[in-house]
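**Q** This is the content of target_20.txt (compact mmCIF, C-alpha atoms):
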# COMPACT_ATOMS: atom_id res chain seq x y z
CA MET A 87 -54.06 -26.32 -104.42
CA GLU A 88 -55.50 -26.18 -100.87
CA ARG A 89 -54.35 -29.74 -100.15
CA THR A 90 -50.85 -28.92 -101.42
CA GLU A 91 -50.63 -25.83 -99.21
CA ASN A 92 -51.75 -27.88 -96.17
CA LEU A 93 -49.03 -30.45 -96.84
CA ILE A 94 -46.43 -27.72 -97.13
CA MET A 95 -47.56 -26.25 -93.81
CA GLN A 96 -47.32 -29.67 -92.13
CA GLU A 97 -43.78 -30.18 -93.42
CA ASP A 98 -42.77 -26.73 -92.16
CA ARG A 99 -43.88 -27.30 -88.57
CA TRP A 100 -40.87 -26.53 -86.42
CA LYS A 101 -39.94 -28.75 -83.49
CA PRO A 102 -37.96 -27.13 -80.67
CA LEU A 103 -34.71 -28.84 -79.72
CA LYS A 104 -35.91 -29.41 -76.16
CA GLU A 105 -38.90 -31.41 -77.44
CA MET A 106 -36.84 -33.69 -79.67
CA ASN A 107 -36.37 -37.41 -79.13
CA LEU A 108 -33.59 -39.69 -80.34
CA THR A 109 -35.87 -40.73 -83.18
CA ASP A 110 -35.40 -37.20 -84.57
CA ASP A 111 -32.54 -37.08 -87.05
CA PHE A 112 -30.90 -33.95 -85.69
CA LEU A 113 -30.74 -35.09 -82.06
CA PHE A 114 -29.56 -38.59 -82.97
CA ASP A 115 -26.92 -37.11 -85.27
CA VAL A 116 -25.56 -34.79 -82.57
CA ALA A 117 -25.74 -37.41 -79.81
CA THR A 118 -23.76 -39.96 -81.82
CA THR A 119 -20.83 -37.62 -82.36
CA GLU A 120 -19.92 -38.68 -78.81
CA LEU A 121 -18.21 -42.06 -78.85
CA GLU A 122 -19.42 -42.96 -75.36
CA ASN A 123 -23.04 -42.48 -76.48
CA CYS A 124 -22.38 -44.74 -79.47
CA LYS A 125 -20.94 -47.39 -77.15
CA THR A 126 -24.03 -47.20 -74.94
CA ILE A 127 -26.40 -47.47 -77.90
CA ILE A 128 -24.54 -50.51 -79.26
CA GLU A 129 -24.40 -52.26 -75.90
CA LEU A 130 -28.06 -51.71 -75.05
CA SER A 131 -29.09 -52.73 -78.57
CA THR A 132 -27.08 -55.96 -78.69
CA GLY A 133 -26.63 -57.02 -75.07
CA LEU A 134 -22.86 -57.05 -75.64
CA ARG A 135 -20.29 -55.50 -73.33
CA LEU A 136 -17.50 -53.66 -75.12
CA LYS A 137 -14.17 -52.80 -73.50
CA SER A 138 -13.59 -49.93 -75.87
CA LEU A 139 -14.81 -48.46 -79.13
CA LYS A 140 -13.21 -46.42 -81.90
CA TRP A 141 -14.49 -44.73 -85.04
CA LYS A 142 -14.40 -46.78 -88.20
CA GLU A 143 -13.41 -44.62 -91.17
CA GLY A 144 -14.72 -41.45 -89.51
CA GLN A 145 -17.79 -40.71 -87.46
CA LYS A 146 -20.24 -40.28 -90.32
CA VAL A 147 -19.25 -42.36 -93.31
CA ILE A 148 -20.06 -41.62 -96.92
CA HIS A 149 -19.20 -44.31 -99.44
CA ASN A 150 -18.80 -43.15 -102.99
CA ILE A 151 -18.11 -45.48 -105.89
CA PRO A 152 -17.48 -43.73 -109.22
CA GLY A 153 -20.63 -43.93 -111.32
CA LYS A 154 -22.47 -45.85 -108.59
CA ARG A 155 -24.78 -45.00 -105.73
CA GLY A 156 -23.28 -44.00 -102.39
CA ILE A 157 -24.76 -44.02 -98.89
CA ARG A 158 -24.53 -41.93 -95.74
CA MET A 159 -24.46 -43.92 -92.54
CA ASP A 160 -25.51 -42.63 -89.14
CA PHE A 161 -22.41 -43.98 -87.44
CA VAL A 162 -19.92 -46.81 -87.83
CA ALA A 163 -17.59 -47.90 -85.04
CA GLU A 164 -15.23 -50.77 -84.25
CA SER A 165 -14.68 -52.56 -80.94
CA GLU A 166 -11.28 -53.47 -79.52
CA ASP A 167 -11.66 -57.06 -80.73
CA GLY A 168 -12.32 -56.01 -84.34
CA ARG A 169 -16.10 -56.21 -84.54
CA VAL A 170 -17.64 -53.50 -86.73
CA PHE A 171 -20.98 -51.90 -85.88
CA ASP A 172 -23.14 -49.89 -88.26
CA VAL A 173 -26.10 -48.26 -86.47
CA GLU A 174 -28.97 -46.60 -88.32
CA MET A 175 -32.06 -44.78 -87.07
CA GLN A 176 -35.26 -45.14 -89.10
CA ASN A 177 -38.08 -42.91 -87.85
CA ARG A 178 -40.49 -43.73 -90.67
CA LYS A 179 -41.17 -46.68 -92.91
CA GLU A 180 -39.72 -46.08 -96.34
CA GLY A 181 -37.79 -48.13 -98.87
CA ASN A 182 -36.79 -51.78 -98.57
CA ILE A 183 -34.84 -51.91 -95.30
CA PRO A 184 -33.67 -55.57 -95.62
CA LYS A 185 -32.20 -54.97 -99.07
CA ARG A 186 -30.79 -51.65 -97.92
CA THR A 187 -28.82 -53.47 -95.23
CA ARG A 188 -27.58 -55.89 -97.90
CA PHE A 189 -26.31 -52.86 -99.85
CA TYR A 190 -24.72 -51.39 -96.70
CA GLN A 191 -22.91 -54.66 -96.05
CA ALA A 192 -21.50 -54.80 -99.58
CA LEU A 193 -20.19 -51.23 -99.46
CA MET A 194 -18.66 -51.71 -96.01
CA ASP A 195 -16.89 -54.95 -96.98
CA ALA A 196 -15.58 -53.90 -100.39
CA PRO A 197 -12.88 -51.40 -99.20
CA LEU A 198 -11.37 -53.97 -96.83
CA LEU A 199 -9.88 -56.04 -99.64
CA LYS A 200 -7.34 -54.80 -102.17
CA SER A 201 -7.44 -55.77 -105.83
CA GLY A 202 -5.80 -59.16 -106.32
CA GLU A 203 -5.60 -59.88 -102.60
CA LYS A 204 -5.92 -63.57 -101.78
CA GLY A 205 -8.22 -64.78 -99.03
CA PHE A 206 -10.94 -62.96 -97.12
CA ASP A 207 -9.50 -62.89 -93.63
CA LYS A 208 -9.58 -59.10 -93.48
CA LEU A 209 -13.37 -59.13 -93.51
CA LYS A 210 -14.29 -58.40 -89.90
CA PRO A 211 -17.37 -59.52 -87.96
CA LEU A 212 -20.14 -57.07 -88.82
CA PHE A 213 -23.25 -56.00 -86.93
CA ILE A 214 -25.83 -53.90 -88.79
CA ILE A 215 -28.30 -52.43 -86.31
CA VAL A 216 -31.41 -50.64 -87.56
CA ILE A 217 -33.51 -48.93 -84.89
CA CYS A 218 -37.06 -48.52 -86.24
CA ASP A 219 -39.77 -46.29 -84.82
CA TYR A 220 -42.27 -48.78 -86.26
CA ASP A 221 -42.63 -52.55 -86.47
CA PRO A 222 -40.73 -53.66 -89.62
CA TYR A 223 -42.31 -57.13 -89.67
CA GLY A 224 -45.59 -56.62 -87.84
CA MET A 225 -44.95 -59.40 -85.28
CA LYS A 226 -44.80 -57.07 -82.24
CA LYS A 227 -41.18 -57.97 -81.46
CA TYR A 228 -38.72 -55.56 -79.91
CA CYS A 229 -35.87 -57.27 -81.71
CA TYR A 230 -35.59 -59.25 -84.95
CA THR A 231 -32.15 -60.88 -85.27
CA PHE A 232 -30.98 -62.37 -88.55
CA GLU A 233 -28.00 -64.61 -89.27
CA SER A 234 -27.37 -66.82 -92.30
CA ARG A 235 -28.21 -70.45 -91.54
CA CYS A 236 -28.46 -73.68 -93.46
CA LYS A 237 -32.01 -74.41 -94.57
CA GLU A 238 -31.55 -78.17 -94.26
CA GLN A 239 -29.67 -77.92 -90.95
CA PRO A 240 -30.98 -74.86 -89.06
CA ASP A 241 -28.39 -75.13 -86.28
CA LEU A 242 -25.59 -74.83 -88.87
CA LEU A 243 -24.45 -71.22 -89.27
CA LEU A 244 -22.99 -70.05 -92.57
CA GLY A 245 -20.12 -68.47 -90.70
CA ASP A 246 -19.95 -65.17 -92.61
CA GLU A 247 -19.97 -63.36 -89.24
CA VAL A 248 -22.69 -60.92 -90.27
CA THR A 249 -25.53 -60.19 -87.85
CA LYS A 250 -28.43 -57.92 -88.69
CA LEU A 251 -30.67 -56.59 -85.93
CA PHE A 252 -33.90 -54.75 -86.58
CA LEU A 253 -35.08 -53.13 -83.35
CA SER A 254 -38.64 -51.89 -83.01
CA THR A 255 -39.99 -49.30 -80.59
CA LYS A 256 -43.44 -50.88 -81.09
CA GLY A 257 -42.61 -54.26 -79.58
CA GLU A 258 -44.82 -55.95 -77.01
CA ASN A 259 -42.81 -59.06 -76.04
CA GLU A 260 -41.20 -57.74 -72.84
CA ASP A 261 -40.95 -61.27 -71.42
CA GLU A 262 -38.71 -62.40 -74.29
CA VAL A 263 -36.10 -59.64 -74.24
CA SER A 264 -34.01 -57.83 -71.63
CA LYS A 265 -35.40 -54.96 -69.58
CA GLU A 266 -32.38 -52.91 -70.67
CA LEU A 267 -33.43 -53.19 -74.32
CA VAL A 268 -37.08 -52.35 -73.59
CA ASP A 269 -36.13 -49.32 -71.48
CA PHE A 270 -33.75 -48.10 -74.19
CA LEU A 271 -36.28 -48.44 -77.00
CA HIS A 272 -38.93 -46.66 -74.94
CA TYR A 273 -36.47 -43.91 -74.08
CA ILE A 274 -35.55 -43.11 -77.68
CA THR A 275 -39.21 -42.32 -78.38
CA GLU A 276 -39.49 -40.10 -75.28
CA SER A 277 -35.99 -38.80 -74.60
CA ASN A 278 -36.71 -36.88 -71.42
CA GLU A 279 -37.31 -37.40 -67.71
CA ARG A 280 -40.71 -39.00 -68.36
CA GLY A 281 -39.10 -41.58 -70.64
CA LEU A 282 -36.42 -42.56 -68.11
CA PRO A 283 -37.52 -45.32 -65.68
CA GLU A 284 -36.76 -44.75 -62.01
CA GLU A 285 -34.82 -48.01 -61.97
CA CYS A 286 -32.82 -48.36 -65.15
CA ASP A 287 -29.41 -49.36 -66.42
CA GLU A 288 -26.70 -46.87 -65.44
CA ARG A 289 -25.62 -46.63 -69.09
CA LEU A 290 -29.08 -45.41 -70.09
CA ARG A 291 -28.98 -42.84 -67.29
CA ARG A 292 -25.63 -41.54 -68.58
CA LEU A 293 -27.05 -41.38 -72.10
CA HIS A 294 -29.98 -39.35 -70.75
CA GLU A 295 -27.59 -36.93 -69.04
CA SER A 296 -25.75 -36.46 -72.33
CA ILE A 297 -29.03 -35.84 -74.16
CA GLN A 298 -30.05 -33.23 -71.57
CA GLU A 299 -26.72 -31.44 -72.02
CA ILE A 300 -27.31 -31.33 -75.78
CA LYS A 301 -30.83 -29.97 -75.39
CA THR A 302 -29.68 -27.17 -73.09
CA SER A 303 -26.57 -26.28 -75.11
CA THR A 304 -26.68 -22.79 -76.58
CA SER A 305 -24.21 -23.68 -79.34
CA VAL A 306 -26.24 -26.71 -80.41
CA GLU A 307 -29.42 -24.61 -80.35
CA VAL A 308 -27.77 -22.01 -82.59
CA GLU A 309 -26.59 -24.68 -85.03
CA TYR A 310 -30.06 -26.19 -85.09
CA MET A 311 -31.66 -22.82 -85.81
CA LYS A 312 -29.20 -22.22 -88.64
CA MET A 313 -29.98 -25.62 -90.10
CA GLU A 314 -33.72 -25.03 -89.83
CA GLU A 315 -33.36 -21.65 -91.55
CA ARG A 316 -31.35 -23.18 -94.39
CA GLU A 317 -33.91 -25.94 -94.87
CA ARG A 318 -36.78 -23.43 -94.75
CA LEU A 319 -35.18 -21.31 -97.44
CA VAL A 320 -34.57 -24.36 -99.62
CA LYS A 321 -38.20 -25.46 -99.20
CA GLU A 322 -39.51 -21.99 -99.97
CA GLU A 323 -37.39 -21.78 -103.10
CA ALA A 324 -38.50 -25.24 -104.23
CA THR A 325 -42.15 -24.41 -103.52
CA GLU A 326 -41.98 -21.11 -105.40
CA ARG A 327 -40.25 -22.80 -108.31
CA GLY A 328 -42.92 -25.49 -108.36
CA LEU A 329 -45.75 -22.94 -108.24
CA ARG A 330 -44.10 -20.87 -110.96
CA GLU A 331 -43.64 -23.90 -113.19
CA GLY A 332 -47.23 -24.91 -112.44
CA ARG A 333 -48.54 -21.50 -113.44
CA ILE A 334 -46.56 -21.60 -116.69
CA ARG A 335 -47.75 -25.13 -117.43
CA GLY A 336 -51.34 -24.17 -116.61
CA ARG A 337 -51.19 -21.13 -118.86
CA GLU A 338 -49.79 -23.20 -121.71
CA GLU A 339 -52.49 -25.85 -121.26
CA GLY A 340 -55.18 -23.15 -121.14
CA GLU A 341 -53.92 -21.58 -124.34
CA GLU A 342 -53.85 -24.96 -126.05
CA ARG A 343 -57.40 -25.71 -124.86
CA LEU A 344 -58.68 -22.36 -126.16
CA ALA A 345 -56.93 -22.91 -129.50
CA ARG A 346 -58.65 -26.29 -129.92
CA LEU A 347 -62.01 -24.68 -129.14
CA LEU A 348 -61.51 -21.95 -131.71
CA ILE A 349 -60.48 -24.49 -134.33
CA ASN A 350 -63.63 -26.52 -133.71
CA LEU A 351 -65.81 -23.41 -133.92
CA SER A 352 -64.08 -22.35 -137.14
CA LYS A 353 -64.78 -25.74 -138.71
CA GLN A 354 -68.49 -25.16 -138.00
CA ASN A 355 -68.36 -21.55 -139.23
CA ARG A 356 -69.39 -20.26 -135.78
CA GLN A 357 -67.52 -16.96 -135.90
CA GLU A 358 -69.95 -15.22 -133.57
CA ASP A 359 -69.43 -17.90 -130.92
CA SER A 360 -65.65 -17.56 -131.36
CA ASN A 361 -65.77 -13.83 -130.73
CA ARG A 362 -68.00 -14.24 -127.68
CA ALA A 363 -65.81 -17.04 -126.28
CA LEU A 364 -62.80 -14.72 -126.27
CA LYS A 365 -64.64 -12.15 -124.12
CA ASP A 366 -67.05 -14.19 -121.97
CA LEU A 367 -65.44 -16.77 -119.62
CA GLU A 368 -68.73 -18.40 -118.58
CA TYR A 369 -69.81 -18.79 -122.19
CA ARG A 370 -66.39 -20.24 -123.01
CA LYS A 371 -66.84 -22.84 -120.26
CA LYS A 372 -70.17 -23.90 -121.81
CA LEU A 373 -68.46 -24.31 -125.18
CA TYR A 374 -65.71 -26.39 -123.57
CA GLU A 375 -68.39 -28.72 -122.22
CA GLU A 376 -70.09 -28.83 -125.61
CA PHE A 377 -66.91 -29.99 -127.33
CA GLY A 378 -65.67 -32.12 -124.44
CA LEU A 379 -62.55 -30.01 -123.92
For the structure just supplied, provide its representation as structure tokens.

**A**
Amino acid sequence: MERTENLIMQEDRWKPLKEMNLTDDFLFDVATTELENCKTIIELSTGLRLKSLKWKEGQKVIHNIPGKRGIRMDFVAESEDGRVFDVEMQNRKEGNIPKRTRFYQALMDAPLLKSGEKGFDKLKPLFIIVICDYDPYGMKKYCYTFESRCKEQPDLLLGDEVTKLFLSTKGENEDEVSKELVDFLHYITESNERGLPEECDERLRRLHESIQEIKTSTSVEVEYMKMEERERLVKEEATERGLREGRIRGREEGEERLARLLINLSKQNRQEDSNRALKDLEYRKKLYEEFGL
């Protein structure tokens, strides 16, 4: 019980908005409602330069297939030349990220083609970018880029125009990637003045200015407090329900244990012990040990 209460207390620790980093779901969610911030994140993550960007099927996309599992994406956007970008933030290691991106790809591609439509030309180039606050492959790389290639001829691309990037804040290969990427990945783990290099890409500086505006916004602070209160109430209700169910289950198990003890004593004609067991808890514990209950 003590361990459970400690875990509950840890989960309930509140983090002020001003102390949040982009690895925190709430701040990342708010920041990426601004299209310019999304453009900056995509460019710094990929090294691409985009003329313009627009939302793809809304800012925060939920795919629902009747009777099947749906997903909620952090943000999906499309460049002026038709490239689609799905960007996800992963602040802890959970689930199978490679297969999750396979599932994302399938759900993003499926709506593009109508039933009976010939050809697959409407499938657009797709970039799935997962920003991880851990090293997904343990090779100390800032960036792991995957494209489908021929096993027998490695320089031969499949040509499905799907690129998957797994970015890691725990990389150590600064000499193999751009300074812009390293600065960006460091900044998302410390999204404040300390995390912003004196000499950095102007896009990162503008992103920082946007983050500072969010952190000092009264309306955002109010929304965050409301969200925290809702989550706290949900957790309290779930905890109370769990404790209540646990108490009921424990009482039922205790009654069943006592019943088994009394049956065993009855079989041995130990009526005096039965009577004492009902009144004396310590004596009942000794009898439990005697019968292995």

**Q** Tell me which of A:Ile217, A:Asn259, A:Glu368, A:Tyr374 sits closest to Leu348 (chain A), counting all atoms listed in the file.

**A**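 Counting all atoms listed in the file, the residue closest to Leu348 (chain A) is A:Tyr374.
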
**Q** Figure out the distance between CA of Lys210 (chain A) and CA of Arg169 (chain A), please, to one decimal in Å.

**A**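 CA of Arg169 (chain A) sits 6.1 Å away from CA of Lys210 (chain A).
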
**Q** Identify, on the basis of all atoms listed in the file, every residue whose closest approach to Asp167 (chain A) does not exceed 10 Å; exclude the query and any residue fewer than 2 positions from it along the same chain; express the result as a PDB file with C-alpha atoms, keeping the file's coordinate frame.

**A**
ATOM      1  CA  LEU A 136     -17.500 -53.660 -75.120  1.00  0.00           C
ATOM      2  CA  LYS A 137     -14.170 -52.800 -73.500  1.00  0.00           C
ATOM      3  CA  SER A 138     -13.590 -49.930 -75.870  1.00  0.00           C
ATOM      4  CA  LEU A 139     -14.810 -48.460 -79.130  1.00  0.00           C
ATOM      5  CA  GLU A 164     -15.230 -50.770 -84.250  1.00  0.00           C
ATOM      6  CA  SER A 165     -14.680 -52.560 -80.940  1.00  0.00           C
ATOM      7  CA  ARG A 169     -16.100 -56.210 -84.540  1.00  0.00           C
ATOM      8  CA  VAL A 170     -17.640 -53.500 -86.730  1.00  0.00           C
ATOM      9  CA  LYS A 210     -14.290 -58.400 -89.900  1.00  0.00           C
ATOM     10  CA  PRO A 211     -17.370 -59.520 -87.960  1.00  0.00           C
TER      11      PRO A 211
END

**Q** Using only C-alpha atoms, what residues lie at most 12 Å away from (-58.4, -25.5, -130.2) (file coordinates), given as a list of chain:residue names?

**A**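 Residues with an atom at most 12 Å from (-58.4, -25.5, -130.2): A:Glu339, A:Gly340, A:Glu341, A:Glu342, A:Arg343, A:Leu344, A:Ala345, A:Arg346, A:Leu347, A:Leu348, A:Ile349, A:Asn350, A:Leu351, A:Ser352, A:Lys353, A:Ser360, A:Ala363, A:Arg370, A:Leu373, A:Tyr374, A:Phe377, A:Gly378, A:Leu379.
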
**Q** Kindly assemble as a Markdown table a list of the region 239-353 of chain A residues that lie within 7 Å of region 127-132 of chain A, each paired with its nearest atom pair and their distance in Å to one decimal, using only C-alpha atoms, sorted first by chain and then by ascending residue number.

**A**
| residue | atom | partner | partner_atom | distance |
| --- | --- | --- | --- | --- |
| A:Glu266 | CA | A:Leu130 | CA | 6.3 |
| A:Leu267 | CA | A:Leu130 | CA | 5.6 |
| A:Phe270 | CA | A:Leu130 | CA | 6.8 |

**Q** For each of A:Gly257, A:Trp100, A:Glu203, A:Asn278, take the minimum atom-to-atom distance to Ile300 (chain A), counting all atoms listed in the file, then give the residue where this is smallest.

**A**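 With all atoms listed in the file as the atom set, the closest residue is A:Asn278.
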
**Q** Mind giving me the straight-line distance from CA of Val248 (chain A) to CA of Leu212 (chain A) in Å, one decimal?

**A** 4.8 Å
